>>> print(open('upload-v7.txt').read())   # compact mmCIF, C-alpha atoms and all ligand atoms
# COMPACT_ATOMS: atom_id res chain seq x y z
CA MET A 1 18.02 -2.57 4.61
CA ASP A 2 16.73 -4.50 7.63
CA GLU A 3 13.40 -3.88 9.29
CA LEU A 4 14.73 -2.63 12.58
CA LYS A 5 16.82 -0.05 10.90
CA ARG A 6 14.05 1.37 8.80
CA LEU A 7 10.95 1.91 10.89
CA VAL A 8 9.25 4.26 8.54
CA ILE A 9 9.41 1.83 5.67
CA SER A 10 5.88 1.62 4.33
CA GLU A 11 6.15 -1.99 3.21
CA GLN A 12 4.68 -4.69 5.38
CA THR A 13 6.95 -6.35 7.92
CA GLN A 14 6.24 -9.66 9.59
CA GLU A 15 5.16 -7.95 12.78
CA ASP A 16 2.73 -5.77 10.81
CA GLU A 17 1.29 -8.83 9.17
CA VAL A 18 0.50 -10.55 12.44
CA ILE A 19 -0.87 -7.41 14.10
CA SER A 20 -2.74 -6.08 11.09
CA LEU A 21 -5.16 -9.01 11.13
CA SER A 22 -6.67 -7.64 14.32
CA LEU A 23 -6.44 -3.99 13.26
CA ARG A 24 -7.73 -4.24 9.75
CA PRO A 25 -11.01 -2.37 9.25
CA ALA A 26 -13.80 -4.86 8.47
CA LYS A 27 -16.49 -2.60 7.01
CA LEU A 28 -16.45 0.40 4.73
CA THR A 29 -17.67 2.56 7.61
CA ASP A 30 -14.59 1.57 9.68
CA PHE A 31 -12.28 2.69 6.89
CA ILE A 32 -10.97 6.11 7.84
CA GLY A 33 -10.14 8.83 5.31
CA GLN A 34 -10.09 8.55 1.48
CA LYS A 35 -13.63 9.95 1.55
CA ASP A 36 -14.18 10.27 -2.21
CA LEU A 37 -12.95 6.76 -2.82
CA VAL A 38 -15.10 5.33 -0.02
CA SER A 39 -18.29 7.03 -1.17
CA ALA A 40 -17.76 6.04 -4.82
CA LEU A 41 -17.00 2.46 -3.81
CA LYS A 42 -20.09 2.33 -1.60
CA ILE A 43 -22.27 3.34 -4.55
CA SER A 44 -20.69 0.67 -6.76
CA ILE A 45 -21.20 -1.98 -4.07
CA ASP A 46 -24.80 -0.99 -3.30
CA ALA A 47 -25.67 -0.92 -7.01
CA ALA A 48 -24.12 -4.33 -7.67
CA LYS A 49 -25.97 -5.78 -4.67
CA LYS A 50 -29.26 -4.32 -5.85
CA ARG A 51 -28.82 -5.87 -9.26
CA GLY A 52 -27.73 -9.13 -7.67
CA GLU A 53 -24.56 -9.08 -9.74
CA PRO A 54 -20.91 -9.36 -8.79
CA LEU A 55 -19.04 -6.08 -8.46
CA GLU A 56 -17.18 -5.02 -11.58
CA HIS A 57 -13.45 -5.78 -11.66
CA THR A 58 -11.73 -3.27 -9.41
CA LEU A 59 -8.19 -1.92 -9.33
CA PHE A 60 -6.65 -0.19 -6.31
CA SER A 61 -3.38 1.61 -6.82
CA GLY A 62 -1.17 3.63 -4.51
CA PRO A 63 1.96 3.51 -2.37
CA PRO A 64 2.45 0.66 0.14
CA GLY A 65 0.56 0.69 3.43
CA LEU A 66 -2.35 2.92 2.40
CA GLY A 67 -5.03 0.23 2.61
CA LYS A 68 -5.33 -1.58 -0.74
CA THR A 69 -5.42 -5.05 0.81
CA SER A 70 -7.75 -3.82 3.54
CA LEU A 71 -10.14 -2.50 0.89
CA ALA A 72 -10.16 -5.82 -0.96
CA HIS A 73 -11.19 -7.59 2.27
CA ILE A 74 -13.77 -4.91 2.99
CA VAL A 75 -15.32 -5.36 -0.47
CA ALA A 76 -15.56 -9.10 0.17
CA ASN A 77 -17.25 -8.47 3.54
CA GLU A 78 -19.66 -5.92 2.13
CA MET A 79 -20.59 -8.17 -0.80
CA ASN A 80 -20.80 -11.24 1.49
CA SER A 81 -18.40 -12.91 -0.90
CA HIS A 82 -15.71 -15.48 -0.53
CA ILE A 83 -12.24 -14.08 -1.25
CA THR A 84 -9.32 -15.97 -2.79
CA ILE A 85 -5.96 -14.30 -2.44
CA THR A 86 -2.94 -14.53 -4.69
CA SER A 87 -0.27 -12.23 -6.05
CA GLY A 88 1.59 -11.39 -9.23
CA PRO A 89 4.90 -12.90 -8.15
CA ALA A 90 3.15 -16.12 -7.01
CA ILE A 91 1.71 -16.81 -10.45
CA GLN A 92 4.44 -17.48 -12.93
CA ARG A 93 2.60 -19.54 -15.55
CA ALA A 94 -0.90 -19.31 -17.00
CA GLY A 95 -1.39 -22.88 -15.78
CA ASP A 96 -1.13 -21.65 -12.18
CA PHE A 97 -4.27 -19.64 -12.79
CA ILE A 98 -6.43 -22.39 -14.27
CA GLY A 99 -7.10 -24.10 -10.96
CA ILE A 100 -7.72 -20.83 -9.16
CA LEU A 101 -10.15 -19.52 -11.79
CA THR A 102 -12.09 -22.72 -12.31
CA ASN A 103 -12.61 -23.04 -8.54
CA LEU A 104 -14.30 -19.65 -8.24
CA ASN A 105 -18.02 -19.62 -7.57
CA LYS A 106 -20.48 -17.00 -8.73
CA GLY A 107 -19.80 -13.67 -7.04
CA ASP A 108 -16.47 -14.76 -5.54
CA ILE A 109 -13.63 -12.29 -5.32
CA LEU A 110 -10.18 -13.04 -6.63
CA PHE A 111 -7.64 -10.67 -5.11
CA VAL A 112 -4.39 -10.36 -7.05
CA ASP A 113 -1.87 -8.33 -5.08
CA GLU A 114 1.06 -6.71 -6.91
CA ILE A 115 -0.76 -7.35 -10.14
CA HIS A 116 1.85 -5.38 -12.10
CA ARG A 117 4.25 -8.24 -11.47
CA LEU A 118 2.23 -10.84 -13.41
CA PRO A 119 4.21 -12.15 -16.38
CA LYS A 120 2.97 -10.92 -19.76
CA THR A 121 1.70 -14.36 -20.89
CA VAL A 122 -0.33 -14.75 -17.71
CA GLU A 123 -1.73 -11.27 -18.15
CA GLU A 124 -2.95 -12.15 -21.64
CA PHE A 125 -4.51 -15.34 -20.33
CA LEU A 126 -6.54 -13.18 -17.95
CA TYR A 127 -8.10 -10.95 -20.61
CA PRO A 128 -10.87 -13.36 -21.75
CA ALA A 129 -11.36 -14.49 -18.15
CA MET A 130 -12.05 -10.92 -17.09
CA GLU A 131 -14.04 -9.93 -20.13
CA GLY A 132 -16.28 -12.87 -20.93
CA PHE A 133 -15.57 -15.20 -17.99
CA LYS A 134 -13.98 -17.70 -20.35
CA ILE A 135 -10.56 -19.23 -20.57
CA ASP A 136 -8.88 -21.06 -23.39
CA PHE A 137 -6.09 -23.42 -22.69
CA ILE A 138 -4.09 -25.76 -24.80
CA VAL A 139 -3.63 -29.37 -23.82
CA ASP A 140 -1.05 -31.72 -25.30
CA LYS A 141 1.63 -30.70 -27.71
CA GLY A 142 2.40 -30.84 -31.43
CA PRO A 143 -0.17 -32.55 -33.67
CA TYR A 144 -2.33 -33.61 -30.69
CA ALA A 145 -2.57 -30.11 -29.26
CA LYS A 146 -6.10 -28.87 -28.84
CA THR A 147 -7.64 -25.79 -27.34
CA ILE A 148 -10.17 -26.27 -24.60
CA ASN A 149 -12.62 -23.50 -23.81
CA PHE A 150 -13.86 -23.32 -20.31
CA ASN A 151 -16.67 -21.16 -19.00
CA LEU A 152 -16.06 -19.55 -15.63
CA LYS A 153 -18.65 -18.33 -13.15
CA PRO A 154 -18.95 -14.53 -13.01
CA PHE A 155 -16.45 -13.32 -10.43
CA THR A 156 -14.81 -10.06 -9.41
CA LEU A 157 -11.11 -9.56 -9.89
CA ILE A 158 -9.63 -7.06 -7.45
CA GLY A 159 -6.12 -6.00 -8.35
CA ALA A 160 -3.74 -4.02 -6.17
CA THR A 161 -0.65 -2.29 -7.41
CA THR A 162 1.89 0.19 -6.16
CA ARG A 163 2.54 1.20 -9.74
CA SER A 164 -0.44 1.40 -12.06
CA GLY A 165 1.89 2.91 -14.67
CA LEU A 166 3.46 -0.51 -15.13
CA LEU A 167 0.18 -2.20 -16.05
CA ALA A 168 -0.38 -2.89 -19.74
CA SER A 169 -3.24 -0.77 -20.95
CA PRO A 170 -5.36 -3.74 -22.17
CA LEU A 171 -5.28 -5.03 -18.60
CA ARG A 172 -5.99 -1.63 -17.08
CA ASP A 173 -8.92 -1.14 -19.47
CA ARG A 174 -10.57 -4.33 -18.29
CA PHE A 175 -11.13 -2.92 -14.82
CA GLY A 176 -14.52 -1.21 -14.57
CA ILE A 177 -13.63 0.48 -11.30
CA PHE A 178 -10.28 2.12 -10.70
CA HIS A 179 -9.27 3.94 -7.52
CA HIS A 180 -6.01 5.57 -6.60
CA LEU A 181 -5.26 5.87 -2.89
CA GLU A 182 -3.67 9.13 -1.77
CA PHE A 183 -1.49 9.73 1.27
CA TYR A 184 -3.71 10.37 4.31
CA GLU A 185 -4.50 13.69 5.95
CA LYS A 186 -2.88 14.11 9.35
CA SER A 187 -6.27 14.33 11.07
CA ASP A 188 -7.26 10.96 9.57
CA LEU A 189 -3.99 9.41 10.71
CA ALA A 190 -4.58 10.78 14.21
CA THR A 191 -8.00 9.09 14.22
CA ILE A 192 -6.48 5.81 13.02
CA ILE A 193 -3.86 6.05 15.79
CA THR A 194 -6.50 6.74 18.44
CA ASP A 195 -8.63 3.81 17.22
CA THR A 196 -5.65 1.46 17.16
CA ALA A 197 -4.61 2.58 20.65
CA ALA A 198 -8.09 1.69 21.90
CA LYS A 199 -7.84 -1.75 20.28
CA LEU A 200 -4.40 -2.28 21.84
CA ASN A 201 -5.62 -1.03 25.22
CA VAL A 202 -3.17 1.86 25.40
CA ALA A 203 -4.14 5.32 26.64
CA ILE A 204 -2.97 8.09 24.34
CA ASP A 205 -3.32 11.88 24.63
CA PRO A 206 -4.70 13.68 21.56
CA SER A 207 -1.51 15.76 21.36
CA ALA A 208 0.57 12.57 21.26
CA ALA A 209 -1.67 11.06 18.57
CA ASN A 210 -1.20 14.23 16.49
CA GLU A 211 2.55 14.15 17.01
CA ILE A 212 2.79 10.55 15.81
CA ALA A 213 0.42 11.33 12.91
CA ASN A 214 2.76 14.13 11.77
CA ARG A 215 5.60 11.67 11.53
CA SER A 216 3.76 8.84 9.80
CA ARG A 217 4.39 9.85 6.19
CA GLY A 218 0.69 9.93 5.37
CA THR A 219 0.62 6.13 5.79
CA PRO A 220 -1.66 4.17 8.18
CA ARG A 221 0.72 1.21 8.34
CA ILE A 222 3.52 3.48 9.58
CA ALA A 223 1.14 5.26 11.98
CA ASN A 224 0.17 1.96 13.58
CA ARG A 225 3.79 0.86 13.78
CA LEU A 226 5.02 4.09 15.38
CA LEU A 227 2.19 3.86 17.89
CA ARG A 228 3.35 0.38 18.89
CA ARG A 229 6.89 1.67 19.34
CA ALA A 230 5.60 4.58 21.46
CA ARG A 231 3.64 2.12 23.58
CA ASP A 232 6.80 0.06 24.17
CA TYR A 233 8.71 3.23 25.00
CA ALA A 234 6.05 4.36 27.50
CA GLN A 235 6.08 0.97 29.22
CA VAL A 236 9.83 0.56 29.40
CA LYS A 237 11.14 4.11 29.87
CA ALA A 238 8.26 5.73 31.68
CA GLY A 239 6.78 2.65 33.38
CA LYS A 240 3.24 3.42 32.25
CA ASN A 241 0.69 2.34 29.71
CA HIS A 242 -0.03 5.88 28.64
CA VAL A 243 1.46 7.69 25.65
CA ASP A 244 1.65 11.42 26.31
CA LEU A 245 3.31 14.09 24.20
CA ASP A 246 6.67 13.76 25.98
CA VAL A 247 6.77 10.02 25.47
CA ALA A 248 5.80 10.41 21.80
CA VAL A 249 8.46 13.04 21.09
CA GLU A 250 11.20 11.22 23.01
CA CYS A 251 10.35 7.95 21.34
CA MET A 252 10.44 9.47 17.83
CA LYS A 253 13.77 11.08 18.67
CA SER A 254 15.19 7.77 19.80
CA LEU A 255 14.02 6.25 16.50
CA ARG A 256 15.65 9.16 14.64
CA ILE A 257 12.41 10.05 12.91
CA ASP A 258 12.09 13.80 12.49
CA GLU A 259 9.03 16.02 12.60
CA TYR A 260 8.30 15.37 8.91
CA GLY A 261 8.57 11.62 9.30
CA LEU A 262 11.93 11.48 7.53
CA ASP A 263 14.45 8.94 8.75
CA ASP A 264 18.18 8.44 8.23
CA LEU A 265 17.75 6.97 4.77
CA ASP A 266 15.65 9.89 3.56
CA ARG A 267 18.12 12.37 4.97
CA ARG A 268 21.01 10.43 3.49
CA LEU A 269 19.33 10.56 0.10
CA LEU A 270 18.78 14.30 0.37
CA SER A 271 22.27 15.04 1.64
CA ILE A 272 23.93 12.85 -1.00
CA MET A 273 22.02 14.77 -3.64
CA LYS A 274 23.38 17.95 -2.15
CA THR A 275 26.99 16.92 -1.67
CA HIS A 276 27.50 14.62 -4.68
CA TYR A 277 25.18 16.15 -7.23
CA GLN A 278 24.94 19.83 -6.26
CA GLY A 279 21.22 19.39 -5.54
CA GLY A 280 20.48 17.69 -8.89
CA PRO A 281 19.09 17.04 -11.34
CA VAL A 282 20.27 13.48 -10.90
CA GLY A 283 18.97 10.30 -12.52
CA ILE A 284 17.41 7.58 -10.40
CA ASP A 285 20.01 4.98 -11.49
CA ALA A 286 22.87 7.16 -10.33
CA LEU A 287 21.12 7.75 -7.01
CA SER A 288 20.43 4.07 -6.60
CA ALA A 289 24.10 3.24 -7.18
CA THR A 290 25.38 5.92 -4.81
CA LEU A 291 22.94 4.99 -2.05
CA ASN A 292 23.28 1.28 -2.67
CA GLU A 293 19.48 0.92 -2.68
CA GLU A 294 17.38 -0.71 -5.39
CA VAL A 295 15.72 1.54 -7.92
CA ASP A 296 12.34 -0.05 -7.13
CA THR A 297 12.71 0.75 -3.43
CA LEU A 298 13.59 4.34 -4.22
CA VAL A 299 10.73 4.76 -6.67
CA ASP A 300 7.97 2.84 -4.84
CA VAL A 301 8.77 3.39 -1.21
CA ILE A 302 11.01 6.37 -0.58
CA GLU A 303 10.34 8.86 -3.31
CA PRO A 304 6.53 9.19 -3.37
CA TYR A 305 6.36 10.81 0.05
CA LEU A 306 9.35 13.08 -0.59
CA LEU A 307 7.75 14.22 -3.85
CA LYS A 308 4.34 14.68 -2.27
CA THR A 309 5.68 16.80 0.60
CA GLY A 310 7.88 18.91 -1.66
CA PHE A 311 11.28 17.66 -0.52
CA LEU A 312 12.03 16.43 -4.02
CA ARG A 313 11.03 17.55 -7.47
CA ARG A 314 10.99 15.31 -10.51
CA THR A 315 12.06 16.90 -13.76
CA SER A 316 12.70 15.50 -17.22
CA ARG A 317 16.41 15.46 -16.39
CA GLY A 318 16.09 13.72 -13.04
CA ARG A 319 15.42 14.47 -9.36
CA GLU A 320 16.14 17.85 -7.79
CA LEU A 321 16.26 19.16 -4.25
CA THR A 322 13.85 21.96 -3.36
CA ASP A 323 14.16 25.00 -1.09
CA LEU A 324 12.28 23.04 1.55
CA SER A 325 14.76 20.16 1.55
CA LEU A 326 17.78 22.48 1.55
CA LYS A 327 16.38 24.33 4.56
CA HIS A 328 15.52 21.08 6.27
CA LEU A 329 19.04 19.69 5.77
CA LEU A 330 20.52 22.83 7.30
CA LYS A 331 18.42 22.79 10.44
CA SER A 332 18.05 19.02 10.87
CA LYS A 333 19.47 18.20 14.26
CA LEU A 334 18.94 14.49 14.09
N1 LIG B 1 -8.29 3.73 6.08
C1 LIG B 1 -7.79 3.00 7.06
N2 LIG B 1 -8.35 3.02 8.28
C2 LIG B 1 -7.82 2.30 9.28
N3 LIG B 1 -6.73 1.51 9.16
C3 LIG B 1 -6.15 1.44 7.99
C4 LIG B 1 -6.65 2.15 6.86
N4 LIG B 1 -5.87 1.89 5.80
C5 LIG B 1 -4.93 1.05 6.22
N5 LIG B 1 -5.08 0.77 7.54
C6 LIG B 1 -4.19 -0.04 8.35
O1 LIG B 1 -2.92 -0.04 7.72
C7 LIG B 1 -2.44 -1.35 7.51
C8 LIG B 1 -1.90 -1.46 6.11
O2 LIG B 1 -2.95 -1.51 5.18
P1 LIG B 1 -2.93 -2.54 3.95
O3 LIG B 1 -2.21 -3.78 4.30
O4 LIG B 1 -4.34 -2.65 3.50
O5 LIG B 1 -2.08 -1.68 2.91
P2 LIG B 1 -1.69 -1.99 1.40
O6 LIG B 1 -2.05 -0.75 0.62
O7 LIG B 1 -2.30 -3.26 0.96
O8 LIG B 1 -0.11 -2.11 1.42
P3 LIG B 1 0.87 -2.95 0.42
O9 LIG B 1 0.98 -2.15 -0.84
O10 LIG B 1 2.18 -3.00 1.16
O11 LIG B 1 0.26 -4.29 0.23
C9 LIG B 1 -3.63 -2.27 7.76
O12 LIG B 1 -3.24 -3.32 8.58
C10 LIG B 1 -4.65 -1.46 8.48
O13 LIG B 1 -4.62 -1.77 9.86
MG MG B 2 -1.37 -5.07 0.53
>>> encode(input="upload-v7.txt", output="structure tokens")
Amino acid sequence: MDELKRLVISEQTQEDEVISLSLRPAKLTDFIGQKDLVSALKISIDAAKKRGEPLEHTLFSGPPGLGKTSLAHIVANEMNSHITITSGPAIQRAGDFIGILTNLNKGDILFVDEIHRLPKTVEEFLYPAMEGFKIDFIVDKGPYAKTINFNLKPFTLIGATTRSGLLASPLRDRFGIFHHLEFYEKSDLATIITDTAAKLNVAIDPSAANEIANRSRGTPRIANRLLRRARDYAQVKAGKNHVDLDVAVECMKSLRIDEYGLDDLDRRLLSIMKTHYQGGPVGIDALSATLNEEVDTLVDVIEPYLLKTGFLRRTSRGRELTDLSLKHLLKSKL
């Protein structure tokens, strides 16, 4: 599905990537919401700094757009550390890691995004690196093969994953610090929207910020994106640089995003479940085939918010509609 069509997609688009560099919170105190996580992380960071040691390996999990990458950069800033960035899909062989690991200096941070997508052999190669800051690699082949041990400098691995359930438990166990990011409260999203508006030099009424927050699926990335669309709408349709409630509501309507933040794809999923599967239970593979969407997209991107807000229920026999979604389908005017 293309980016224009799906505005409430929580995955990063190219536009987000460019803009997010300027919007990304730099310090832990700029990071809004996730209070328990932030205070626990602050203690870990302060303690590591006091001991003059690198932070323990840290894993952030949670749906796309909630701030995992931002947190990795914040940790690097707070620890005054250099950060090296890579990702699971980028590393296909253990050999790809050797150069990266041996180049790390004491206290450096290695950020591995989408860590659940590392191949198994690479994962195993990481275990001794994480545990004892050592790697073993084999050079040459056959009778000349020999294992070389290499000592690494103590570093911090920060992993991010949308699906911690897919991580092998030996890998998960090697993280000393593990935080799961939850969808954001509406009041936190409204604050994020107000802050971003200030950075973008747009005036926004509190009622408009709340309205956009309601429709942001608990996700800062979506909140920032909808704000940018509302700003465009205000400038083009209303000829002003001021987002008021009318502009926000009209803009969301034009984007076909309803008051719960659901878009056409969400509603299509719910209504297909109703018409084709009598409200469920229906297996994810059947849904994926009927909707012509990948299982991963359904599970990582679409479903979490629908489950969290009670539009869907997951049972041992598959997904089911709830009273809330049935009511919503009936009255949905979009
Ligand atoms: N707590 C927060 N306070 C302010 N802004 C935030 C916060 N969390 C995220 N953001 C904003 O949302 C955007 C998305 O965050 P980020 O890229 O860190 O998400 P992510 O969890 O890494 O997503 P993905 O799983 O797609 O990689 C950032 O550019 C940042 O501007
Ligand atoms: Mg990220």
>>> residues_near_ligand(input="upload-v7.txt", ligand="ligand MG 2 (chain B)", cutoff="10 Å", atoms="only C-alpha atoms and all ligand atoms", output="ChimeraX atom specification")
/A:11-12,17,60,63-72,87,112-114,160-162
>>> write_last_selection(input="upload-v7.txt", atoms="C-alpha atoms", output="short mmCIF file (atom, residue, chain, number, x, y, z; two decimals), keeping the file's coordinate frame")
data_model
loop_
_atom_site.label_atom_id
_atom_site.label_comp_id
_atom_site.auth_asym_id
_atom_site.auth_seq_id
_atom_site.Cartn_x
_atom_site.Cartn_y
_atom_site.Cartn_z
CA GLU A 11 6.15 -1.99 3.21
CA GLN A 12 4.68 -4.69 5.38
CA GLU A 17 1.29 -8.83 9.17
CA PHE A 60 -6.65 -0.19 -6.31
CA PRO A 63 1.96 3.51 -2.37
CA PRO A 64 2.45 0.66 0.14
CA GLY A 65 0.56 0.69 3.43
CA LEU A 66 -2.35 2.92 2.40
CA GLY A 67 -5.03 0.23 2.61
CA LYS A 68 -5.33 -1.58 -0.74
CA THR A 69 -5.42 -5.05 0.81
CA SER A 70 -7.75 -3.82 3.54
CA LEU A 71 -10.14 -2.50 0.89
CA ALA A 72 -10.16 -5.82 -0.96
CA SER A 87 -0.27 -12.23 -6.05
CA VAL A 112 -4.39 -10.36 -7.05
CA ASP A 113 -1.87 -8.33 -5.08
CA GLU A 114 1.06 -6.71 -6.91
CA ALA A 160 -3.74 -4.02 -6.17
CA THR A 161 -0.65 -2.29 -7.41
CA THR A 162 1.89 0.19 -6.16
#
>>> closest_residue(input="upload-v7.txt", among="A:Leu262, A:Leu270, A:Ile192, A:Ala90", to="ligand LIG 1 (chain B)", atoms="all atoms listed in the file")
A:Ile192
>>> atom_distance(input="upload-v7.txt", atom1="atom CA of Ala208 of chain A", atom2="atom CA of Leu245 of chain A")
4.3 Å
>>> atom_distance(input="upload-v7.txt", atom1="atom CA of Asp323 of chain A", atom2="atom CA of Glu185 of chain A")
22.9 Å
>>> residues_around(input="upload-v7.txt", residues="segment 25-40 of chain A", least_positions_apart="2", cutoff="9 Å", atoms="only C-alpha atoms", output="PyMOL selection string")
chain A and resi 22-23+42-45+67+70-71+73-75+77-78+179-185+187-189+191-192
>>> axis_aligned_box(input="upload-v7.txt", around="ligand LIG 1 (chain B)", padding_each_side="6 Å", output="AutoDock Vina command-line options")
--center_x -3.1 --center_y -0.3 --center_z 4.5 --size_x 22.5 --size_y 20.0 --size_z 22.7
>>> build_atoms(input="upload-v7.txt", residues="segment 251-276 of chain A", atoms="N, CA and C atoms", output="tab-separated table (two decimals), in the coordinates of the input")
chain	number	residue	atom	x	y	z
A	251	CYS	N	10.29	9.21	22.07
A	251	CYS	CA	10.35	7.95	21.34
A	251	CYS	C	10.74	8.20	19.88
A	252	MET	N	10.12	9.18	19.24
A	252	MET	CA	10.44	9.47	17.83
A	252	MET	C	11.90	9.90	17.70
A	253	LYS	N	12.36	10.66	18.70
A	253	LYS	CA	13.77	11.08	18.67
A	253	LYS	C	14.68	9.86	18.74
A	254	SER	N	14.33	8.95	19.64
A	254	SER	CA	15.19	7.77	19.80
A	254	SER	C	15.18	6.93	18.52
A	255	LEU	N	14.10	7.01	17.76
A	255	LEU	CA	14.02	6.25	16.50
A	255	LEU	C	14.62	7.05	15.33
A	256	ARG	N	15.04	8.26	15.63
A	256	ARG	CA	15.65	9.16	14.64
A	256	ARG	C	14.69	9.49	13.50
A	257	ILE	N	13.42	9.64	13.88
A	257	ILE	CA	12.41	10.05	12.91
A	257	ILE	C	12.06	11.50	13.20
A	258	ASP	N	12.27	12.37	12.21
A	258	ASP	CA	12.09	13.80	12.49
A	258	ASP	C	10.65	14.24	12.35
A	259	GLU	N	10.43	15.55	12.52
A	259	GLU	CA	9.03	16.02	12.60
A	259	GLU	C	8.28	15.90	11.27
A	260	TYR	N	8.99	15.61	10.18
A	260	TYR	CA	8.30	15.37	8.91
A	260	TYR	C	8.14	13.87	8.63
A	261	GLY	N	8.64	13.06	9.54
A	261	GLY	CA	8.57	11.62	9.30
A	261	GLY	C	9.76	11.09	8.51
A	262	LEU	N	10.76	11.95	8.28
A	262	LEU	CA	11.93	11.48	7.53
A	262	LEU	C	12.86	10.73	8.46
A	263	ASP	N	13.50	9.69	7.95
A	263	ASP	CA	14.45	8.94	8.75
A	263	ASP	C	15.85	9.07	8.14
A	264	ASP	N	16.79	8.30	8.68
A	264	ASP	CA	18.18	8.44	8.23
A	264	ASP	C	18.33	8.23	6.72
A	265	LEU	N	17.59	7.26	6.20
A	265	LEU	CA	17.75	6.97	4.77
A	265	LEU	C	17.27	8.15	3.91
A	266	ASP	N	16.14	8.72	4.29
A	266	ASP	CA	15.65	9.89	3.56
A	266	ASP	C	16.68	11.02	3.61
A	267	ARG	N	17.17	11.26	4.83
A	267	ARG	CA	18.12	12.37	4.97
A	267	ARG	C	19.42	12.08	4.24
A	268	ARG	N	19.80	10.79	4.22
A	268	ARG	CA	21.01	10.43	3.49
A	268	ARG	C	20.80	10.68	2.00
A	269	LEU	N	19.63	10.33	1.52
A	269	LEU	CA	19.33	10.56	0.10
A	269	LEU	C	19.42	12.06	-0.21
A	270	LEU	N	18.78	12.87	0.63
A	270	LEU	CA	18.78	14.30	0.37
A	270	LEU	C	20.21	14.86	0.47
A	271	SER	N	20.96	14.41	1.48
A	271	SER	CA	22.27	15.04	1.64
A	271	SER	C	23.26	14.54	0.58
A	272	ILE	N	23.08	13.31	0.10
A	272	ILE	CA	23.93	12.85	-1.00
A	272	ILE	C	23.63	13.65	-2.26
A	273	MET	N	22.36	13.96	-2.47
A	273	MET	CA	22.02	14.77	-3.64
A	273	MET	C	22.68	16.13	-3.56
A	274	LYS	N	22.78	16.63	-2.32
A	274	LYS	CA	23.38	17.95	-2.15
A	274	LYS	C	24.90	17.88	-2.33
A	275	THR	N	25.53	16.93	-1.66
A	275	THR	CA	26.99	16.92	-1.67
A	275	THR	C	27.55	16.32	-2.97
A	276	HIS	N	26.94	15.25	-3.48
A	276	HIS	CA	27.50	14.62	-4.68
A	276	HIS	C	27.00	15.21	-5.98
